[in-house]
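Below: one structure, written as structure tokens.
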Amino acid sequence: MKARRDIFLKIVAVVCLLCAVAATASAKRRNINYDESKVPNYTLPNPLVCNDGTKVTTVEQWEKQRRSEILQMLSKEIYGETPEARLKTKCKVVAENRNALGGKATAQQVMFTFSRKGKKHQALALVYYPNNRQGRVPVFVGYNFKGNHCVTADEWVLYSPYFDRLEERNHKLLQRGTQIERWPVELIIERGYAVVTMCYHDIYPDIVPRKAKPSDEMRLSNLLPVTDDEGCRWQAIGVWAYGLSRMADWVVKQPWADKDKLCVIGHSRQGKAALWAGAQDERFRVVISNNSGCGGAALSKRVIGENVEFITRQFPHWFCRNFTKYSKREHALPFDQHFLLALVAPRHLYVASATADRWADPKGEYLATYHSSPVFELYGMKAVSSKQMPKVGEDVQNDVGSHIREGKHAILEYDWRRYLDFCDKVFKR
Ligand code: GTR
């Protein structure tokens, strides 16, 4: 009888706790607008008008002047400045399996050791490339959320350094294969692509400062100088973007990799980082944003779903401090996210959304893509030409791609299949 009562009390306690958590979360999200009729009137700045008012009509003007103005604006106002100082990077294959996926792939684990001025930092990549290949293959580069061991249940996979620190070896964070559905590795390999992933916590732990004290040593940025102007100091998204480029540094040297066919991909917050990496690093020929939302592909000025106030409060460690100036003042932003997307031209951009992901504002993600089109068109590319979103389940596969999938915030095999089709088209495979 007593045992039963104890169990009952425990259940009640858990339910109360869950209700309290849900109530706080919904209170935090209470002031969020989802009503299209309440979207404020807004005017989007024109990516093809320079700061001095000159209209950009040629590729040369775009490349010589406007592109760098936009890069500077985004560095100063949202993502922070990327330092120019170089790191030393040593990469070592610490494990290899030439018979992965039933012999279809070679899998490697590569330890990156970054160093500068006596400081060191390590991160571990997990790599799969197809065994059955003619020549070099295109490569997807992207982060995972829960460690390399979340990508597969394969016991051979070592724990990413961020998780390897956990002393309790049966900790639930060390459970394997928890995000397998996000990583259809076999499909990617069968389609003739390689994939290189790393845990984003290895580069900059995604720890909300008020919840735990983040340690400088755990961040790759600890090795690099920061700008004197505190408002434009880079934080997590800037550092994650930088880390994606460091992965690319290694990839382009591999005998199996086609360095002209690099794709950077990211889901959600990692989609924000992938876009910023793709904007800065022109080695990425295809840049893929999966449900990246506010501060990623979605227009901020629509103030629908997640907004600048919410994101800068909840995640004060993501953007540079200047971005908080636009909290409740999105109208004052001298740019919007279509500027970020436009920086991908003349390379290839793909922006994907999901119907139930209202938090990320699918329509705003699509409109930003649409409004980035003039820059792609300057290069004679066919971008996204209709203001109308594609129908659910139908994709746009021009030089710029887009789709909206039925369902919730996630990256699924459905999305990957669209990306693979798009890359096949871009790379003429
Ligand atoms: C949410 C955040 C979004 C998005 C998402 C994710 O909590 O508000 O901006 O990045 O997390 O990364 O899954």
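Letters A, B, ... go to the chains of the structure tokens in the order shown; residues in each chain start at 1; ligands are counted from 1 in the same order.
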- Message: Could you list, as a ChimeraX atom specification, all protein and nucleic acid residues with an atom at most 9 Å from ligand 1, counting only C-alpha atoms and all ligand atoms?
- Response: /A:145,267-272,291-296,306-307,310-311,314-315,359-360,409-410
- Test item: residues at most 9 Å from stretch 383-393 of chain A, only C-alpha atoms, excluding those fewer than 4 positions along its chain, as a PyMOL selection string: chain A and resi 349+354-355+363+366-367+369-377+397-406
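One distance worth recording is that between atom CA of A:Arg176 and atom CA of A:His149, which is 5.1 Å.
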Residue neighbourhood A:Thr324, 12 Å, only C-alpha atoms, exclusion window fewer than 4 positions, as a tab-separated table (two decimals) with all heavy atoms, in the first residue's frame:
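The resulting file, selection-v6.tsv, is reproduced below:
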chain	number	residue	atom	x	y	z
A	76	LYS	N	29.03	43.55	-37.80
A	76	LYS	CA	28.94	44.57	-36.77
A	76	LYS	C	27.63	44.47	-35.98
A	76	LYS	O	27.60	44.69	-34.79
A	76	LYS	CB	29.00	45.95	-37.45
A	76	LYS	CG	29.63	46.97	-36.60
A	76	LYS	CD	29.96	48.21	-37.38
A	76	LYS	CE	29.93	49.34	-36.42
A	76	LYS	NZ	28.81	50.16	-36.31
A	77	GLU	N	26.56	44.14	-36.67
A	77	GLU	CA	25.24	44.27	-36.05
A	77	GLU	C	24.60	42.97	-35.57
A	77	GLU	O	23.66	42.99	-34.82
A	77	GLU	CB	24.27	44.95	-37.02
A	77	GLU	CG	24.70	46.30	-37.53
A	77	GLU	CD	24.74	47.38	-36.45
A	77	GLU	OE1	24.01	47.23	-35.46
A	77	GLU	OE2	25.51	48.33	-36.60
A	78	ILE	N	25.07	41.83	-36.06
A	78	ILE	CA	24.37	40.60	-35.66
A	78	ILE	C	25.30	39.45	-35.26
A	78	ILE	O	25.15	38.90	-34.17
A	78	ILE	CB	23.29	40.18	-36.71
A	78	ILE	CG1	22.64	38.84	-36.39
A	78	ILE	CG2	23.75	40.21	-38.13
A	78	ILE	CD1	21.35	38.54	-37.13
A	79	TYR	N	26.25	39.10	-36.11
A	79	TYR	CA	27.03	37.88	-35.80
A	79	TYR	C	28.38	38.13	-35.14
A	79	TYR	O	29.00	37.21	-34.64
A	79	TYR	CB	27.24	37.06	-37.08
A	79	TYR	CG	25.95	36.67	-37.74
A	79	TYR	CD1	25.59	37.18	-38.98
A	79	TYR	CD2	25.04	35.83	-37.09
A	79	TYR	CE1	24.38	36.84	-39.58
A	79	TYR	CE2	23.83	35.50	-37.68
A	79	TYR	CZ	23.50	36.01	-38.92
A	79	TYR	OH	22.29	35.69	-39.49
A	231	GLY	N	30.64	45.54	-28.57
A	231	GLY	CA	29.35	45.35	-29.23
A	231	GLY	C	29.44	44.38	-30.40
A	231	GLY	O	28.46	43.72	-30.72
A	232	CYS	N	30.59	44.35	-31.06
A	232	CYS	CA	30.68	43.45	-32.22
A	232	CYS	C	31.57	42.24	-31.97
A	232	CYS	O	32.09	41.66	-32.92
A	232	CYS	CB	31.03	44.16	-33.51
A	232	CYS	SG	31.88	45.67	-33.43
A	295	GLY	N	17.12	35.09	-37.06
A	295	GLY	CA	18.59	35.20	-37.04
A	295	GLY	C	19.23	34.26	-38.05
A	295	GLY	O	20.45	34.19	-38.16
A	307	ASN	N	11.20	36.37	-32.16
A	307	ASN	CA	11.62	37.72	-32.54
A	307	ASN	C	12.95	38.09	-31.89
A	307	ASN	O	13.51	37.31	-31.11
A	307	ASN	CB	10.52	38.73	-32.20
A	307	ASN	CG	10.17	38.69	-30.72
A	307	ASN	OD1	11.04	38.52	-29.87
A	307	ASN	ND2	8.89	38.81	-30.40
A	308	VAL	N	13.43	39.28	-32.21
A	308	VAL	CA	14.78	39.66	-31.74
A	308	VAL	C	14.83	39.75	-30.21
A	308	VAL	O	15.80	39.34	-29.58
A	308	VAL	CB	15.25	40.98	-32.41
A	308	VAL	CG1	16.60	41.42	-31.85
A	308	VAL	CG2	15.33	40.81	-33.93
A	309	GLU	N	13.76	40.25	-29.62
A	309	GLU	CA	13.74	40.37	-28.16
A	309	GLU	C	13.88	38.97	-27.53
A	309	GLU	O	14.72	38.75	-26.65
A	309	GLU	CB	12.44	41.01	-27.68
A	309	GLU	CG	12.42	41.18	-26.18
A	309	GLU	CD	11.04	41.54	-25.63
A	309	GLU	OE1	10.03	41.34	-26.33
A	309	GLU	OE2	10.98	41.99	-24.46
A	310	PHE	N	13.07	38.05	-27.99
A	310	PHE	CA	13.08	36.72	-27.40
A	310	PHE	C	14.44	36.04	-27.60
A	310	PHE	O	15.05	35.51	-26.68
A	310	PHE	CB	11.97	35.86	-28.03
A	310	PHE	CG	11.87	34.51	-27.38
A	310	PHE	CD1	10.97	34.28	-26.35
A	310	PHE	CD2	12.70	33.47	-27.78
A	310	PHE	CE1	10.90	33.04	-25.73
A	310	PHE	CE2	12.63	32.22	-27.17
A	310	PHE	CZ	11.72	32.01	-26.14
A	311	ILE	N	14.91	36.07	-28.83
A	311	ILE	CA	16.12	35.29	-29.12
A	311	ILE	C	17.35	35.85	-28.40
A	311	ILE	O	18.20	35.10	-27.92
A	311	ILE	CB	16.34	35.17	-30.66
A	311	ILE	CG1	17.18	33.93	-30.99
A	311	ILE	CG2	16.99	36.39	-31.27
A	311	ILE	CD1	17.15	33.53	-32.46
A	312	THR	N	17.41	37.18	-28.30
A	312	THR	CA	18.60	37.75	-27.65
A	312	THR	C	18.53	37.59	-26.12
A	312	THR	O	19.54	37.58	-25.45
A	312	THR	CB	18.81	39.23	-28.03
A	312	THR	OG1	17.59	39.94	-27.77
A	312	THR	CG2	19.19	39.38	-29.49
A	313	ARG	N	17.31	37.44	-25.59
A	313	ARG	CA	17.17	37.18	-24.15
A	313	ARG	C	17.44	35.72	-23.82
A	313	ARG	O	18.11	35.39	-22.86
A	313	ARG	CB	15.75	37.49	-23.70
A	313	ARG	CG	15.57	38.90	-23.38
A	313	ARG	CD	14.63	39.00	-22.18
A	313	ARG	NE	14.22	40.38	-22.06
A	313	ARG	CZ	12.99	40.77	-21.81
A	313	ARG	NH1	12.05	39.87	-21.62
A	313	ARG	NH2	12.70	42.02	-21.72
A	314	GLN	N	16.83	34.85	-24.63
A	314	GLN	CA	16.96	33.41	-24.36
A	314	GLN	C	18.36	32.90	-24.63
A	314	GLN	O	18.85	31.99	-24.00
A	314	GLN	CB	15.99	32.62	-25.25
A	314	GLN	CG	14.58	32.58	-24.78
A	314	GLN	CD	14.45	31.88	-23.44
A	314	GLN	OE1	14.26	32.56	-22.44
A	314	GLN	NE2	14.56	30.58	-23.40
A	315	PHE	N	18.96	33.45	-25.67
A	315	PHE	CA	20.27	32.95	-26.11
A	315	PHE	C	21.25	34.11	-26.21
A	315	PHE	O	21.73	34.45	-27.30
A	315	PHE	CB	20.13	32.25	-27.47
A	315	PHE	CG	19.06	31.18	-27.48
A	315	PHE	CD1	17.83	31.40	-28.10
A	315	PHE	CD2	19.28	29.96	-26.86
A	315	PHE	CE1	16.84	30.42	-28.10
A	315	PHE	CE2	18.29	28.97	-26.86
A	315	PHE	CZ	17.07	29.20	-27.47
A	316	PRO	N	21.57	34.72	-25.04
A	316	PRO	CA	22.44	35.91	-25.10
A	316	PRO	C	23.84	35.58	-25.60
A	316	PRO	O	24.61	36.49	-25.89
A	316	PRO	CB	22.46	36.38	-23.64
A	316	PRO	CG	22.07	35.20	-22.83
A	316	PRO	CD	21.17	34.36	-23.68
A	317	HIS	N	24.13	34.29	-25.72
A	317	HIS	CA	25.48	33.89	-26.13
A	317	HIS	C	25.58	33.57	-27.62
A	317	HIS	O	26.57	33.04	-28.07
A	317	HIS	CB	25.91	32.66	-25.31
A	317	HIS	CG	25.02	31.47	-25.52
A	317	HIS	ND1	23.68	31.48	-25.23
A	317	HIS	CD2	25.27	30.24	-26.04
A	317	HIS	CE1	23.15	30.31	-25.53
A	317	HIS	NE2	24.10	29.54	-26.03
A	318	TRP	N	24.54	33.84	-28.38
A	318	TRP	CA	24.57	33.47	-29.81
A	318	TRP	C	25.09	34.59	-30.72
A	318	TRP	O	25.92	34.35	-31.58
A	318	TRP	CB	23.17	33.07	-30.29
A	318	TRP	CG	22.73	31.70	-29.90
A	318	TRP	CD1	23.43	30.79	-29.13
A	318	TRP	CD2	21.50	31.06	-30.27
A	318	TRP	NE1	22.70	29.64	-29.01
A	318	TRP	CE2	21.51	29.78	-29.69
A	318	TRP	CE3	20.39	31.45	-31.01
A	318	TRP	CZ2	20.46	28.88	-29.84
A	318	TRP	CZ3	19.34	30.56	-31.17
A	318	TRP	CH2	19.38	29.28	-30.59
A	319	PHE	N	24.51	35.78	-30.53
A	319	PHE	CA	24.81	36.89	-31.45
A	319	PHE	C	25.74	37.88	-30.77
A	319	PHE	O	25.93	37.82	-29.55
A	319	PHE	CB	23.51	37.61	-31.83
A	319	PHE	CG	22.49	36.71	-32.46
A	319	PHE	CD1	21.50	36.10	-31.68
A	319	PHE	CD2	22.52	36.44	-33.82
A	319	PHE	CE1	20.57	35.25	-32.26
A	319	PHE	CE2	21.59	35.60	-34.41
A	319	PHE	CZ	20.62	34.99	-33.62
A	320	CYS	N	26.28	38.83	-31.54
A	320	CYS	CA	27.07	39.86	-30.88
A	320	CYS	C	26.12	40.80	-30.15
A	320	CYS	O	24.92	40.84	-30.43
A	320	CYS	CB	27.95	40.60	-31.88
A	320	CYS	SG	27.07	41.68	-33.01
A	328	LYS	N	12.65	44.60	-29.99
A	328	LYS	CA	11.44	45.42	-30.13
A	328	LYS	C	11.63	46.58	-31.10
A	328	LYS	O	10.83	47.51	-31.13
A	328	LYS	CB	10.99	45.99	-28.78
A	328	LYS	CG	10.56	44.95	-27.78
A	328	LYS	CD	9.85	45.66	-26.64
A	328	LYS	CE	9.41	44.66	-25.60
A	328	LYS	NZ	9.52	45.18	-24.26
A	329	ARG	N	12.74	46.59	-31.81
A	329	ARG	CA	13.02	47.69	-32.77
A	329	ARG	C	13.48	47.10	-34.11
A	329	ARG	O	14.38	47.63	-34.76
A	329	ARG	CB	14.12	48.59	-32.21
A	329	ARG	CG	13.73	49.37	-30.96
A	329	ARG	CD	14.86	50.27	-30.49
A	329	ARG	NE	15.14	51.34	-31.41
A	329	ARG	CZ	16.29	51.46	-32.09
A	329	ARG	NH1	17.24	50.58	-31.97
A	329	ARG	NH2	16.46	52.48	-32.91
A	330	GLU	N	12.82	46.03	-34.51
A	330	GLU	CA	13.23	45.40	-35.77
A	330	GLU	C	13.16	46.38	-36.94
A	330	GLU	O	13.94	46.29	-37.88
A	330	GLU	CB	12.35	44.18	-36.08
A	330	GLU	CG	12.67	42.93	-35.26
A	330	GLU	CD	11.94	42.84	-33.93
A	330	GLU	OE1	11.34	43.85	-33.50
A	330	GLU	OE2	11.96	41.75	-33.31
A	332	ALA	N	14.16	49.21	-37.07
A	332	ALA	CA	15.38	50.03	-37.18
A	332	ALA	C	16.56	49.25	-37.78
A	332	ALA	O	17.62	49.83	-38.02
A	332	ALA	CB	15.75	50.56	-35.79
A	333	LEU	N	16.40	47.97	-37.99
A	333	LEU	CA	17.52	47.18	-38.56
A	333	LEU	C	17.89	47.74	-39.94
A	333	LEU	O	17.01	47.91	-40.80
A	333	LEU	CB	17.09	45.73	-38.74
A	333	LEU	CG	17.15	44.78	-37.54
A	333	LEU	CD1	16.31	43.54	-37.80
A	333	LEU	CD2	18.58	44.40	-37.21
- Item | Residue list (strand (DSSP E), DSSP) for stretch 49-159 of chain A, as a PyMOL selection string | chain A and resi 88-99+105-116+119-130+137-144
Please, which residues in stretch 50-112 of chain A fall within 12 Å of stretch 253-259 of chain A when counting only C-alpha atoms, and what is the closest atom pair and distance in Å to one decimal for each, ordered by chain then residue number, as a tab-separated table?
residue	atom	partner	partner_atom	distance
A:Cys91	CA	A:Lys253	CA	10.9
A:Val93	CA	A:Gln254	CA	11.7
A:Ala105	CA	A:Trp256	CA	11.6
A:Thr106	CA	A:Trp256	CA	10.5
A:Gln108	CA	A:Gln254	CA	11.9
A:Val110	CA	A:Gln254	CA	12.0
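Backbone DSSP of stretch 95-152 of chain A yields helix (DSSP H, G or I) at A:Ala100, A:Leu101, A:Gly102, A:Gly103, A:Asn148, A:His149, A:Cys150.
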- Can you list, as a PyMOL selection string, every protein, DNA or RNA residue that comes within 12 Å of A:Val195 when you count only C-alpha atoms, leaving out same-chain residues fewer than 6 positions away? chain A and resi 105-109+125-130+137-144+151+183-189+247-248+251+256-257+261-265+416+420
Include N, CA and C atoms and write out the residues we just selected as a short mmCIF file (atom, residue, chain, number, x, y, z; two decimals), in the first residue's frame.
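Done, and the output landed in part_1.cif:
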data_model
loop_
_atom_site.label_atom_id
_atom_site.label_comp_id
_atom_site.auth_asym_id
_atom_site.auth_seq_id
_atom_site.Cartn_x
_atom_site.Cartn_y
_atom_site.Cartn_z
N ALA A 105 30.96 2.29 -47.41
CA ALA A 105 31.67 3.54 -47.09
C ALA A 105 32.92 3.29 -46.27
N THR A 106 33.81 4.27 -46.33
CA THR A 106 34.90 4.31 -45.36
C THR A 106 34.50 5.36 -44.34
N ALA A 107 34.62 4.98 -43.08
CA ALA A 107 34.31 5.95 -42.03
C ALA A 107 35.62 6.29 -41.31
N GLN A 108 35.75 7.54 -40.97
CA GLN A 108 36.94 7.96 -40.22
C GLN A 108 36.53 8.87 -39.08
N GLN A 109 37.35 8.86 -38.05
CA GLN A 109 37.19 9.84 -36.99
C GLN A 109 38.47 10.66 -36.97
N ALA A 125 35.90 15.07 -35.61
CA ALA A 125 34.96 14.95 -36.74
C ALA A 125 34.68 13.48 -37.05
N LEU A 126 33.49 13.24 -37.53
CA LEU A 126 33.10 11.90 -38.00
C LEU A 126 32.85 12.03 -39.50
N VAL A 127 33.48 11.14 -40.26
CA VAL A 127 33.50 11.27 -41.72
C VAL A 127 33.03 9.97 -42.36
N TYR A 128 32.20 10.07 -43.38
CA TYR A 128 31.85 8.91 -44.20
C TYR A 128 32.05 9.30 -45.66
N TYR A 129 32.79 8.50 -46.41
CA TYR A 129 32.83 8.74 -47.86
C TYR A 129 32.63 7.43 -48.60
N PRO A 130 32.04 7.50 -49.79
CA PRO A 130 31.66 6.26 -50.48
C PRO A 130 32.87 5.49 -51.00
N VAL A 137 34.40 13.06 -54.75
CA VAL A 137 32.96 13.19 -54.50
C VAL A 137 32.61 14.51 -53.81
N PRO A 138 31.38 14.97 -54.01
CA PRO A 138 30.93 16.18 -53.28
C PRO A 138 30.77 15.86 -51.79
N VAL A 139 30.86 16.88 -50.97
CA VAL A 139 30.87 16.65 -49.51
C VAL A 139 29.89 17.57 -48.79
N PHE A 140 29.11 17.00 -47.89
CA PHE A 140 28.29 17.81 -46.97
C PHE A 140 29.08 18.03 -45.68
N VAL A 141 29.14 19.27 -45.26
CA VAL A 141 29.82 19.60 -44.00
C VAL A 141 28.76 20.19 -43.08
N GLY A 142 28.62 19.65 -41.88
CA GLY A 142 27.59 20.20 -40.98
C GLY A 142 27.75 19.69 -39.56
N TYR A 143 27.23 20.44 -38.63
CA TYR A 143 27.31 20.05 -37.22
C TYR A 143 26.21 19.08 -36.83
N ASN A 144 26.48 18.34 -35.76
CA ASN A 144 25.41 17.60 -35.09
C ASN A 144 25.21 18.21 -33.71
N VAL A 151 24.71 10.32 -34.23
CA VAL A 151 24.49 10.16 -35.68
C VAL A 151 24.28 8.69 -36.05
N TRP A 183 20.25 12.01 -39.77
CA TRP A 183 21.47 11.72 -40.52
C TRP A 183 21.32 10.46 -41.36
N PRO A 184 20.63 10.53 -42.50
CA PRO A 184 20.49 9.34 -43.34
C PRO A 184 21.80 9.05 -44.10
N VAL A 185 22.80 8.65 -43.35
CA VAL A 185 24.16 8.53 -43.90
C VAL A 185 24.20 7.55 -45.08
N GLU A 186 23.47 6.44 -44.93
CA GLU A 186 23.52 5.43 -45.99
C GLU A 186 22.97 6.00 -47.31
N LEU A 187 21.89 6.73 -47.21
CA LEU A 187 21.30 7.36 -48.40
C LEU A 187 22.32 8.33 -49.03
N ILE A 188 22.94 9.12 -48.20
CA ILE A 188 23.91 10.13 -48.69
C ILE A 188 25.05 9.42 -49.44
N ILE A 189 25.51 8.33 -48.85
CA ILE A 189 26.61 7.55 -49.45
C ILE A 189 26.13 6.92 -50.77
N MET A 247 36.56 22.93 -40.76
CA MET A 247 36.29 21.58 -41.26
C MET A 247 36.56 21.55 -42.77
N ALA A 248 36.13 22.62 -43.45
CA ALA A 248 36.35 22.69 -44.90
C ALA A 248 37.85 22.69 -45.23
N VAL A 251 38.75 19.12 -45.33
CA VAL A 251 38.07 18.39 -46.41
C VAL A 251 38.76 18.64 -47.76
N TRP A 256 39.76 11.99 -51.64
CA TRP A 256 38.45 11.53 -52.11
C TRP A 256 37.46 12.67 -52.28
N ALA A 257 37.85 13.87 -51.83
CA ALA A 257 36.88 14.98 -51.81
C ALA A 257 37.05 15.91 -53.01
N LYS A 261 33.08 21.03 -54.82
CA LYS A 261 31.69 20.62 -54.59
C LYS A 261 31.42 20.46 -53.08
N LEU A 262 31.67 21.54 -52.38
CA LEU A 262 31.44 21.53 -50.93
C LEU A 262 30.07 22.11 -50.62
N CYS A 263 29.33 21.44 -49.74
CA CYS A 263 28.01 21.94 -49.34
C CYS A 263 28.04 22.12 -47.83
N VAL A 264 27.56 23.24 -47.35
CA VAL A 264 27.46 23.42 -45.90
C VAL A 264 25.98 23.36 -45.54
N ILE A 265 25.69 22.62 -44.49
CA ILE A 265 24.29 22.37 -44.14
C ILE A 265 24.09 22.53 -42.64
N TRP A 416 16.58 15.78 -46.77
CA TRP A 416 17.86 15.36 -47.36
C TRP A 416 17.69 14.97 -48.82
N LEU A 420 19.76 16.47 -51.85
CA LEU A 420 20.57 15.64 -52.75
C LEU A 420 20.18 15.90 -54.21
#
Return as JSON lines the residues of stretch 63-151 of chain A lying at most 10 Å from stretch 222-228 of chain A, together with the closest atom-to-atom pair for each and the distance in Å to one decimal, counting only C-alpha atoms, with rows in chain order and ascending residue number.
{"residue": "A:Gly80", "atom": "CA", "partner": "A:Thr227", "partner_atom": "CA", "distance": 8.9}
{"residue": "A:Glu81", "atom": "CA", "partner": "A:Thr227", "partner_atom": "CA", "distance": 7.1}
{"residue": "A:Thr82", "atom": "CA", "partner": "A:Val226", "partner_atom": "CA", "distance": 8.4}
{"residue": "A:Pro83", "atom": "CA", "partner": "A:Val226", "partner_atom": "CA", "distance": 6.7}
{"residue": "A:Glu84", "atom": "CA", "partner": "A:Pro225", "partner_atom": "CA", "distance": 8.8}
{"residue": "A:Ala85", "atom": "CA", "partner": "A:Leu224", "partner_atom": "CA", "distance": 6.8}
{"residue": "A:Arg86", "atom": "CA", "partner": "A:Leu224", "partner_atom": "CA", "distance": 8.1}
{"residue": "A:Leu87", "atom": "CA", "partner": "A:Leu224", "partner_atom": "CA", "distance": 7.8}
{"residue": "A:Phe114", "atom": "CA", "partner": "A:Leu223", "partner_atom": "CA", "distance": 8.3}
{"residue": "A:Ser115", "atom": "CA", "partner": "A:Leu223", "partner_atom": "CA", "distance": 7.0}
{"residue": "A:Arg116", "atom": "CA", "partner": "A:Leu223", "partner_atom": "CA", "distance": 5.9}
{"residue": "A:Lys117", "atom": "CA", "partner": "A:Leu223", "partner_atom": "CA", "distance": 7.6}
{"residue": "A:Gly118", "atom": "CA", "partner": "A:Leu223", "partner_atom": "CA", "distance": 8.8}
{"residue": "A:Lys119", "atom": "CA", "partner": "A:Leu223", "partner_atom": "CA", "distance": 6.1}
{"residue": "A:Lys120", "atom": "CA", "partner": "A:Leu223", "partner_atom": "CA", "distance": 7.2}
{"residue": "A:His121", "atom": "CA", "partner": "A:Leu223", "partner_atom": "CA", "distance": 7.8}
